[in-house]
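What follows is data18.csv (CSV, C-alpha atoms and all ligand atoms).
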chain,number,residue,atom,x,y,z
A,1071,MET,CA,148.6,43.6,62.4
A,1072,LYS,CA,144.8,43.6,62.7
A,1073,LYS,CA,143.2,40.6,64.5
A,1074,ILE,CA,139.8,40.5,62.7
A,1075,THR,CA,139.1,42.1,59.4
A,1076,ILE,CA,135.6,41.9,57.9
A,1077,VAL,CA,135.0,42.5,54.2
A,1078,GLY,CA,131.5,43.7,53.4
A,1079,THR,CA,128.9,45.7,55.3
A,1080,GLY,CA,125.6,43.9,54.6
A,1081,PRO,CA,123.7,42.2,57.5
A,1082,ALA,CA,126.4,39.4,57.7
A,1083,GLY,CA,129.4,41.7,57.9
A,1084,LEU,CA,127.9,44.2,60.3
A,1085,THR,CA,126.5,41.4,62.6
A,1086,ALA,CA,130.0,39.8,62.6
A,1087,ALA,CA,131.4,43.3,63.4
A,1088,ILE,CA,129.0,43.7,66.4
A,1089,TYR,CA,129.9,40.3,67.8
A,1090,ALA,CA,133.6,40.6,67.2
A,1091,ALA,CA,133.7,44.1,68.8
A,1092,ARG,CA,131.7,43.0,71.8
A,1093,ALA,CA,134.2,40.2,72.3
A,1094,GLY,CA,136.9,42.9,72.5
A,1095,PHE,CA,138.6,42.4,69.1
A,1096,LYS,CA,138.1,45.9,67.7
A,1097,PRO,CA,137.3,44.7,64.1
A,1098,THR,CA,138.0,46.7,61.0
A,1099,VAL,CA,135.2,46.4,58.4
A,1100,TYR,CA,135.8,47.3,54.7
A,1101,ALA,CA,132.6,48.6,53.3
A,1102,GLY,CA,133.1,47.7,49.6
A,1103,LEU,CA,131.4,49.3,46.6
A,1104,GLN,CA,127.8,49.0,48.0
A,1105,HIS,CA,127.9,50.0,51.7
A,1106,GLY,CA,125.0,48.3,53.4
A,1107,GLY,CA,124.7,45.6,50.7
A,1108,GLN,CA,121.6,44.6,48.8
A,1109,LEU,CA,119.1,45.9,51.4
A,1110,THR,CA,120.1,49.5,50.5
A,1111,THR,CA,118.2,48.9,47.2
A,1112,THR,CA,115.0,47.8,48.9
A,1113,THR,CA,112.3,50.1,50.1
A,1114,ASP,CA,110.3,48.5,53.0
A,1115,ILE,CA,111.5,45.6,55.0
A,1116,GLU,CA,108.9,43.8,57.0
A,1117,ASN,CA,110.6,40.5,57.7
A,1118,PHE,CA,113.6,41.5,59.8
A,1119,PRO,CA,112.6,40.9,63.4
A,1120,GLY,CA,112.3,43.7,65.9
A,1121,PHE,CA,110.3,46.3,64.0
A,1122,SER,CA,106.5,46.5,64.4
A,1123,SER,CA,106.1,48.4,61.1
A,1124,ALA,CA,108.1,48.3,57.9
A,1125,ILE,CA,111.6,49.8,58.0
A,1126,PRO,CA,113.2,51.1,54.8
A,1127,GLY,CA,116.3,49.1,53.8
A,1128,PRO,CA,118.8,52.0,53.9
A,1129,GLU,CA,117.5,52.9,57.4
A,1130,LEU,CA,118.0,49.4,58.7
A,1131,MET,CA,121.5,49.3,57.3
A,1132,ALA,CA,122.4,52.7,58.7
A,1133,ALA,CA,121.2,51.6,62.1
A,1134,MET,CA,123.3,48.4,61.9
A,1135,THR,CA,126.3,50.4,60.9
A,1136,LYS,CA,125.8,52.8,63.8
A,1137,GLN,CA,125.4,49.9,66.2
A,1138,ALA,CA,128.6,48.3,65.0
A,1139,GLU,CA,130.5,51.5,65.4
A,1140,HIS,CA,129.0,52.1,68.8
A,1141,VAL,CA,130.3,48.8,70.1
A,1142,GLY,CA,133.8,49.4,68.8
A,1143,ALA,CA,134.1,48.4,65.1
A,1144,THR,CA,135.9,50.7,62.6
A,1145,ILE,CA,134.3,51.0,59.2
A,1146,ILE,CA,136.6,51.9,56.3
A,1147,TYR,CA,134.9,53.1,53.1
A,1148,ASP,CA,137.3,51.3,50.8
A,1149,THR,CA,137.2,48.2,48.6
A,1150,ILE,CA,139.4,45.1,48.8
A,1151,THR,CA,141.0,44.7,45.4
A,1152,LYS,CA,143.6,41.9,46.0
A,1153,VAL,CA,144.3,39.2,48.6
A,1154,ASP,CA,147.2,36.8,49.5
A,1155,PHE,CA,146.0,34.0,51.7
A,1156,SER,CA,149.1,31.8,51.1
A,1157,GLN,CA,150.7,32.5,54.5
A,1158,LYS,CA,149.4,32.3,58.1
A,1159,THR,CA,149.3,36.1,58.2
A,1160,LEU,CA,146.4,36.9,55.8
A,1161,VAL,CA,147.2,39.9,53.5
A,1162,MET,CA,144.7,42.0,51.6
A,1163,TRP,CA,145.0,45.3,49.7
A,1164,ALA,CA,142.5,48.1,49.5
A,1165,GLU,CA,143.8,49.8,46.4
A,1166,ASN,CA,147.4,50.6,47.6
A,1167,THR,CA,146.9,50.0,51.3
A,1168,ARG,CA,148.3,46.7,52.6
A,1169,ILE,CA,146.3,45.1,55.4
A,1170,GLU,CA,147.6,42.2,57.5
A,1171,SER,CA,145.1,40.2,59.6
A,1172,SER,CA,145.0,37.1,61.7
A,1173,VAL,CA,141.4,36.4,60.6
A,1174,VAL,CA,139.3,37.5,57.7
A,1175,ILE,CA,135.5,37.2,57.5
A,1176,ILE,CA,134.3,37.4,54.0
A,1177,SER,CA,130.7,38.8,53.8
A,1178,THR,CA,130.7,40.4,50.3
A,1179,GLY,CA,127.2,39.1,49.4
A,1180,ALA,CA,125.8,38.4,46.0
A,1181,THR,CA,124.4,40.8,43.5
A,1182,ALA,CA,121.0,40.0,41.9
A,1183,LYS,CA,121.2,40.0,38.1
A,1184,THR,CA,118.9,42.4,36.4
A,1185,LEU,CA,118.3,43.3,32.7
A,1186,ALA,CA,119.7,46.8,33.2
A,1187,LEU,CA,116.7,48.4,31.4
A,1188,PRO,CA,116.2,52.2,31.2
A,1189,ASP,CA,114.6,53.5,34.4
A,1190,GLU,CA,115.2,50.2,36.2
A,1191,ALA,CA,117.2,51.8,39.1
A,1192,LYS,CA,114.5,54.4,39.5
A,1193,LEU,CA,111.7,51.7,39.6
A,1194,MET,CA,113.6,49.3,42.0
A,1195,GLY,CA,111.4,49.2,45.1
A,1196,ARG,CA,108.6,51.0,43.2
A,1197,GLY,CA,107.2,47.9,41.3
A,1198,VAL,CA,110.5,46.3,40.3
A,1199,SER,CA,112.1,43.8,42.7
A,1200,THR,CA,114.8,41.2,42.9
A,1201,CYS,CA,113.4,39.3,45.8
A,1202,ALA,CA,109.8,37.8,46.1
A,1203,THR,CA,110.3,36.8,49.8
A,1204,CYS,CA,111.3,40.4,50.6
A,1205,ASP,CA,108.7,42.3,48.6
A,1206,GLY,CA,105.9,39.8,47.6
A,1207,PHE,CA,103.7,40.9,50.5
A,1208,PHE,CA,103.4,44.4,49.0
A,1209,PHE,CA,101.7,42.8,45.9
A,1210,LYS,CA,99.0,40.9,47.7
A,1211,GLY,CA,96.0,40.4,45.3
A,1212,LYS,CA,97.9,42.1,42.4
A,1213,ARG,CA,99.1,41.1,39.0
A,1214,VAL,CA,102.9,40.4,38.8
A,1215,ALA,CA,105.5,38.8,36.5
A,1216,VAL,CA,108.6,36.9,37.1
A,1217,ILE,CA,111.5,36.8,34.6
A,1218,GLY,CA,113.7,33.7,34.4
A,1219,GLY,CA,113.6,30.0,33.6
A,1220,GLY,CA,115.7,28.5,36.5
A,1221,ASP,CA,114.9,27.3,40.0
A,1222,SER,CA,115.0,30.8,41.4
A,1223,ALA,CA,112.3,32.0,38.9
A,1224,MET,CA,110.1,29.0,39.7
A,1225,GLU,CA,110.5,29.5,43.4
A,1226,GLU,CA,109.7,33.2,43.1
A,1227,ALA,CA,106.7,32.5,41.0
A,1228,LEU,CA,105.4,29.8,43.4
A,1229,TYR,CA,105.9,32.1,46.4
A,1230,LEU,CA,104.1,35.0,44.7
A,1231,ALA,CA,101.2,32.7,43.5
A,1232,ASN,CA,100.3,32.3,47.2
A,1233,LEU,CA,99.9,36.1,47.5
A,1234,CYS,CA,99.1,37.6,44.1
A,1235,SER,CA,96.0,37.3,41.9
A,1236,GLU,CA,98.0,36.3,38.8
A,1237,VAL,CA,101.7,35.5,38.1
A,1238,LEU,CA,103.2,35.6,34.6
A,1239,LEU,CA,106.3,33.6,34.2
A,1240,ILE,CA,108.3,35.1,31.4
A,1241,HIS,CA,111.2,33.2,29.9
A,1242,ARG,CA,113.3,33.8,26.9
A,1243,ARG,CA,113.3,30.2,25.7
A,1244,GLY,CA,110.9,27.3,25.4
A,1245,GLU,CA,113.4,25.1,27.5
A,1246,PHE,CA,114.0,25.6,31.2
A,1247,ARG,CA,117.0,25.2,33.4
A,1248,ALA,CA,114.7,24.6,36.4
A,1249,SER,CA,114.6,21.2,38.0
A,1250,LYS,CA,111.8,19.0,36.7
A,1251,ILE,CA,109.9,19.1,40.1
A,1252,MET,CA,110.0,22.9,40.4
A,1253,LEU,CA,109.0,23.4,36.8
A,1254,GLU,CA,106.1,21.0,37.1
A,1255,ARG,CA,104.9,22.6,40.3
A,1256,ALA,CA,104.9,26.0,38.7
A,1257,GLU,CA,103.2,24.7,35.5
A,1258,LYS,CA,100.5,23.0,37.5
A,1259,HIS,CA,99.7,26.1,39.6
A,1260,PRO,CA,96.4,27.6,38.6
A,1261,LYS,CA,97.6,31.2,39.2
A,1262,ILE,CA,100.8,30.9,37.1
A,1263,THR,CA,100.8,31.5,33.4
A,1264,PHE,CA,103.9,30.8,31.3
A,1265,LYS,CA,104.9,33.3,28.6
A,1266,THR,CA,107.7,32.0,26.3
A,1267,PRO,CA,109.8,32.8,24.4
A,1268,TYR,CA,109.7,36.4,25.7
A,1269,THR,CA,112.0,38.8,27.4
A,1270,VAL,CA,111.3,42.3,28.7
A,1271,SER,CA,112.5,45.1,26.5
A,1272,LYS,CA,111.0,48.1,28.4
A,1273,LEU,CA,109.6,49.1,31.8
A,1274,LEU,CA,106.4,51.2,31.6
A,1275,ALA,CA,105.8,53.6,34.4
A,1276,ASP,CA,103.4,56.2,35.8
A,1277,ALA,CA,103.8,58.6,38.7
A,1278,ALA,CA,103.2,55.8,41.2
A,1279,GLY,CA,105.9,53.5,39.8
A,1280,LEU,CA,105.8,50.5,37.5
A,1281,SER,CA,102.6,50.2,35.4
A,1282,GLY,CA,103.5,47.5,33.0
A,1283,ILE,CA,106.2,46.0,30.7
A,1284,ARG,CA,106.9,45.8,27.0
A,1285,CYS,CA,107.5,42.1,26.1
A,1286,LEU,CA,109.6,41.1,23.2
A,1287,ASN,CA,109.2,37.8,21.4
A,1288,THR,CA,112.7,36.4,21.1
A,1289,VAL,CA,111.8,34.4,18.0
A,1290,ASP,CA,109.7,36.7,15.8
A,1291,GLU,CA,110.7,39.9,17.5
A,1292,SER,CA,107.1,41.1,17.9
A,1293,SER,CA,106.3,43.1,21.0
A,1294,GLU,CA,103.3,43.7,23.2
A,1295,ASP,CA,102.6,45.9,26.3
A,1296,LEU,CA,101.3,44.2,29.4
A,1297,PRO,CA,99.8,46.1,32.4
A,1298,LEU,CA,101.4,44.9,35.6
A,1299,ASP,CA,101.7,45.9,39.3
A,1300,GLY,CA,105.0,44.2,39.9
A,1301,LEU,CA,108.0,42.7,38.1
A,1302,PHE,CA,110.4,40.3,39.8
A,1303,TYR,CA,113.8,39.4,38.4
A,1304,GLY,CA,114.5,35.7,38.9
A,1305,ILE,CA,117.5,35.5,36.6
A,1306,GLY,CA,120.1,34.5,39.2
A,1307,HIS,CA,122.7,36.2,41.4
A,1308,THR,CA,126.4,36.8,41.0
A,1309,PRO,CA,128.3,36.1,44.2
A,1310,ASN,CA,130.9,38.7,44.9
A,1311,SER,CA,133.8,36.2,45.3
A,1312,GLU,CA,136.1,37.1,42.4
A,1313,VAL,CA,138.8,38.7,44.4
A,1314,PHE,CA,139.1,35.7,46.7
A,1315,LYS,CA,139.0,32.9,44.1
A,1316,PRO,CA,142.8,32.4,43.8
A,1317,TYR,CA,142.7,31.1,47.4
A,1318,ILE,CA,139.2,30.4,48.5
A,1319,ALA,CA,137.2,27.4,47.2
A,1320,THR,CA,133.9,28.2,45.6
A,1321,ASP,CA,131.2,26.1,43.9
A,1322,ASP,CA,130.4,26.2,40.2
A,1323,HIS,CA,128.3,29.3,40.6
A,1324,GLY,CA,131.0,31.2,42.6
A,1325,TYR,CA,129.5,30.8,46.1
A,1326,ILE,CA,132.2,30.2,48.7
A,1327,ARG,CA,132.2,26.7,50.0
A,1328,VAL,CA,131.9,26.6,53.8
A,1329,HIS,CA,132.2,23.6,56.2
A,1330,ASP,CA,131.6,23.4,60.0
A,1331,TYR,CA,129.3,26.4,59.7
A,1332,THR,CA,131.4,29.3,58.3
A,1333,LYS,CA,134.9,27.9,57.8
A,1334,THR,CA,136.5,28.1,54.3
A,1335,ASN,CA,139.3,25.9,52.9
A,1336,VAL,CA,141.9,28.5,54.3
A,1337,PRO,CA,142.4,28.4,58.1
A,1338,GLY,CA,141.5,31.8,59.6
A,1339,VAL,CA,139.2,32.8,56.7
A,1340,PHE,CA,135.5,32.5,57.4
A,1341,ALA,CA,132.6,33.3,55.1
A,1342,ALA,CA,129.1,34.5,56.0
A,1343,GLY,CA,125.9,35.6,54.3
A,1344,ASP,CA,124.8,35.4,50.7
A,1345,ILE,CA,128.4,34.9,49.5
A,1346,ALA,CA,128.2,31.5,51.1
A,1347,ASP,CA,124.5,30.8,50.9
A,1348,PRO,CA,122.9,30.1,47.5
A,1349,VAL,CA,119.7,28.9,49.2
A,1350,PHE,CA,118.1,31.2,51.8
A,1351,LYS,CA,119.6,34.6,50.8
A,1352,GLN,CA,117.7,36.5,53.6
A,1353,ALA,CA,118.9,39.4,55.7
A,1354,VAL,CA,118.1,37.5,58.9
A,1355,THR,CA,119.9,34.3,57.8
A,1356,ALA,CA,122.9,36.4,56.7
A,1357,ALA,CA,123.0,38.1,60.1
A,1358,GLY,CA,122.8,34.7,61.8
A,1359,MET,CA,125.8,33.5,59.7
A,1360,GLY,CA,127.7,36.7,60.6
A,1361,CYS,CA,127.2,35.9,64.2
A,1362,GLN,CA,128.5,32.4,63.7
A,1363,ALA,CA,131.5,33.6,61.8
A,1364,ALA,CA,132.5,36.1,64.5
A,1365,ILE,CA,132.2,33.5,67.2
A,1366,GLN,CA,134.2,31.0,65.2
A,1367,ALA,CA,136.8,33.7,64.4
A,1368,THR,CA,137.3,34.7,68.0
A,1369,LYS,CA,137.7,31.0,69.0
A,1370,TYR,CA,140.2,30.5,66.2
A,1371,ILE,CA,142.3,33.5,67.5
A,1372,GLU,CA,142.2,32.1,71.0
A,1373,GLU,CA,143.2,28.6,69.8
A,1374,GLN,CA,146.1,30.1,67.8
A,1375,GLY,CA,147.3,32.0,70.8
A,1376,HIS,CA,147.4,35.3,68.9
A,1401,LIG,P1,120.1,29.8,36.8
A,1401,LIG,O1,119.8,28.4,37.0
A,1401,LIG,O2,121.4,30.3,36.2
A,1401,LIG,O3,118.9,30.4,35.9
A,1401,LIG,C1,118.8,31.7,35.4
A,1401,LIG,C2,117.7,31.9,34.5
A,1401,LIG,O4,117.6,33.3,34.1
A,1401,LIG,C3,117.9,31.1,33.2
A,1401,LIG,O5,116.6,30.5,32.8
A,1401,LIG,C4,118.3,32.1,32.2
A,1401,LIG,O6,117.9,31.9,30.9
A,1401,LIG,C5,117.6,33.4,32.7
A,1401,LIG,N1,118.4,34.6,32.4
A,1401,LIG,C6,119.7,34.8,32.7
A,1401,LIG,N2,120.0,36.0,32.2
A,1401,LIG,C7,118.9,36.5,31.5
A,1401,LIG,C8,118.7,37.6,30.7
A,1401,LIG,N3,119.6,38.6,30.6
A,1401,LIG,N4,117.4,37.8,30.2
A,1401,LIG,C9,116.5,36.9,30.3
A,1401,LIG,N5,116.7,35.7,31.0
A,1401,LIG,C10,117.9,35.5,31.6
A,1401,LIG,O7,119.9,30.7,38.1
A,1401,LIG,P2,119.0,30.3,39.4
A,1401,LIG,O8,117.6,30.0,39.0
A,1401,LIG,O9,119.2,31.5,40.3
A,1401,LIG,O10,119.7,29.1,40.1
A,1401,LIG,C11,121.1,29.1,40.5
A,1401,LIG,C12,121.4,27.8,41.2
A,1401,LIG,O11,120.7,27.8,42.5
A,1401,LIG,C13,120.9,26.5,40.4
A,1401,LIG,O12,121.8,25.5,40.6
A,1401,LIG,C14,119.6,26.2,41.1
A,1401,LIG,O13,119.2,24.9,41.0
A,1401,LIG,C15,119.8,26.6,42.5
A,1401,LIG,N6,118.6,27.0,43.2
A,1401,LIG,C16,117.8,26.0,43.8
A,1401,LIG,C17,116.6,26.3,44.4
A,1401,LIG,C18,115.9,25.2,45.1
A,1401,LIG,O14,116.2,24.1,44.9
A,1401,LIG,N7,114.8,25.5,45.8
A,1401,LIG,C19,116.1,27.6,44.3
A,1401,LIG,C20,116.9,28.6,43.7
A,1401,LIG,C21,118.1,28.3,43.1
A,1401,LIG,P3,118.5,30.8,30.0
A,1401,LIG,O15,118.1,29.5,30.5
A,1401,LIG,O16,118.0,31.1,28.6
A,1401,LIG,O17,120.0,31.0,30.1
Final structure tokens representation of the file:
Amino acid sequence: MKKITIVGTGPAGLTAAIYAARAGFKPTVYAGLQHGGQLTTTTDIENFPGFSSAIPGPELMAAMTKQAEHVGATIIYDTITKVDFSQKTLVMWAENTRIESSVVIISTGATAKTLALPDEAKLMGRGVSTCATCDGFFFKGKRVAVIGGGDSAMEEALYLANLCSEVLLIHRRGEFRASKIMLERAEKHPKITFKTPYTVSKLLADAAGLSGIRCLNTVDESSEDLPLDGLFYGIGHTPNSEVFKPYIATDDHGYIRVHDYTKTNVPGVFAAGDIADPVFKQAVTAAGMGCQAAIQATKYIEEQGH
């Protein structure tokens, strides 16, 4: 039986692996479908401490993986498809392989929703982004748009308004899900212009990356092309918690509920990173939670006398 099994290889999972390995527990880490997590879809990262110049997301995640392996973690490139957390011994399956573990740290992250437009994947990091805090700095003094009508979109637009020359807030309806205070703040901001009821039907590009968008009026179906330097998706995230839901308590949006830092409702199961954090969603906060989960996991094992 394994002592510590970590699910997910974003900053939370790999930091948990580093701490658990250095505490002598030889953790096994299941990489999941997207090894390295959301940062592997980002180009330059400038807000992860320790690098004097920007580091590409895939490079940062490759370095974290190497570091985890160097201190004794084993990474398995497989995906957990089923769990049984009904007994003290926690059981998971990676396809047909049965895994037994004293402790599980869930760090499966959240996936940013996108519109899945043609060329979107190609333009991700080249004008299209799912995170203003991560990429806004690269659009200083430029014209950008944010899609969405919830709190995330308002927050992204307000963040970008401090950096960019102009922010278009594009939403498919005239009504907003955003809280009154966030909506009002965005509406009052002199650099934010609301464009409703519109959605984006096409990404326009040149050799350098995104050059604009085609907007579609969702009522009269008219369309217009707008030149833009950047487009930010603020249409929410999907936490990757589905496989754990039969046993692990989540909130209405699917984020795992944690108490006392990283403990879930099942003893021995801890959660760290974006899967348990609907608010901050940063690599550095995920890494911090991964550290907390590993320390709490090792304490749990000692207390249980495993
Ligand atoms: P959300 O409330 O679900 O809003 C998502 C927005 O994206 C909605 O306006 C939705 O439009 C739009 N959308 C979804 N799919 C779309 C598509 N295919 N095309 C165009 N538009 C689309 O998600 P969220 O803003 O991420 O917020 C999630 C939760 O976190 C909320 O409870 C929120 O309050 C909370 N949150 C709080 C803060 C804060 O307090 N600072 C910040 C961020 C998030 P429709 O309205 O038409 O469906």
Selection as a VMD selection string: residues within 7 Å of ligand LIG 1401 (chain A) by only C-alpha atoms and all ligand atoms: chain A and resid 1184 to 1185 1217 to 1223 1225 1241 to 1243 1246 to 1249 1269 1304 to 1307 1348 to 1349
For region 1131-1135 of chain A: contacts at 8 Å, all atoms listed in the file, fewer than 5 positions along chain excluded, given as a compact mmCIF listing (two decimals) with C-alpha atoms, in the frame of the given file:
# COMPACT_ATOMS: atom_id res chain seq x y z
CA THR A 1079 128.90 45.70 55.30
CA GLY A 1080 125.60 43.90 54.60
CA PRO A 1081 123.70 42.20 57.50
CA LEU A 1084 127.90 44.20 60.30
CA THR A 1085 126.50 41.40 62.60
CA GLY A 1106 125.00 48.30 53.40
CA LEU A 1109 119.10 45.90 51.40
CA THR A 1110 120.10 49.50 50.50
Any idea what's packed within 6 Å of region 1314-1330 of chain A, counting only C-alpha atoms, ignoring anything in its chain fewer than 5 positions away? Could you give it as a list of chain:residue names? A:Pro1309, A:Ile1345, A:Ala1346
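Restricting the calculation to all atoms listed in the file, the smallest distance between Val1237 (chain A) and any of A:Ala1191, A:Leu1301, A:Val1198, A:Ala1277 is found for A:Leu1301.
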Pick out the closest residue to Arg1284 (chain A) from this set: A:Lys1272, A:Lys1212, A:His1105, A:Lys1351. Count only C-alpha atoms.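 Using only C-alpha atoms, Arg1284 (chain A) sits closest to A:Lys1272.
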For Ile1365 (chain A), list every protein, DNA or RNA residue within 8 Å, evaluated using only C-alpha atoms, and leave out those in the same chain fewer than 4 positions away; present the list as number ranges by chain. A: 1089-1090, 1361, 1369
Taking (127.3, 46.2, 66.6) in the file's own coordinates, collect the residues within 6 Å, counting only C-alpha atoms, and hand them back as JSON, numbers by chain. {"A": [1087, 1088, 1137, 1138, 1141]}
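Nearest residue to Ser1172 (chain A) among A:Ala1091, A:Leu1160, A:Val1313, A:Ile1240 is A:Leu1160, counting all atoms listed in the file.
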What's the 9 Å shell around Phe1209 (chain A), counting only C-alpha atoms, without same-chain residues fewer than 3 positions away, as a VMD selection string? chain A and resid 1197 1205 to 1206 1212 to 1214 1230 1233 to 1235 1299 to 1300
Looking at all atoms listed in the file, which of A:Asn1232, A:Phe1264, A:Gln1366, A:Asp1148 is the one that sits closest to Glu1245 (chain A)?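 Of A:Asn1232, A:Phe1264, A:Gln1366, A:Asp1148, the one nearest Glu1245 (chain A) is A:Phe1264, counting all atoms listed in the file.
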Smallest atom-to-atom distance to Pro1260 (chain A): which of A:Ala1231, A:Ala1342, A:Val1173, A:Val1099, using all atoms listed in the file?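 Using all atoms listed in the file, the shortest distance to Pro1260 (chain A) belongs to A:Ala1231.
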Quick one: residues within 6 Å of Leu1239 (chain A), all atoms listed in the file, excluding same-chain residues fewer than 4 positions away - as an NGL selection string? :A and (1215-1216 or 1263-1265)
One-decimal distance in Å that lies between CA of Met1194 (chain A) and CA of Glu1116 (chain A):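 Pair CA of Glu1116 (chain A) / CA of Met1194 (chain A) returns 16.7 Å.
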Nearest to Glu1257 (chain A) by atom-to-atom distance, counting all atoms listed in the file, from A:Ala1202, A:Ala1186, A:Met1224, A:Ala1367: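 Closest to Glu1257 (chain A), using all atoms listed in the file: A:Met1224.
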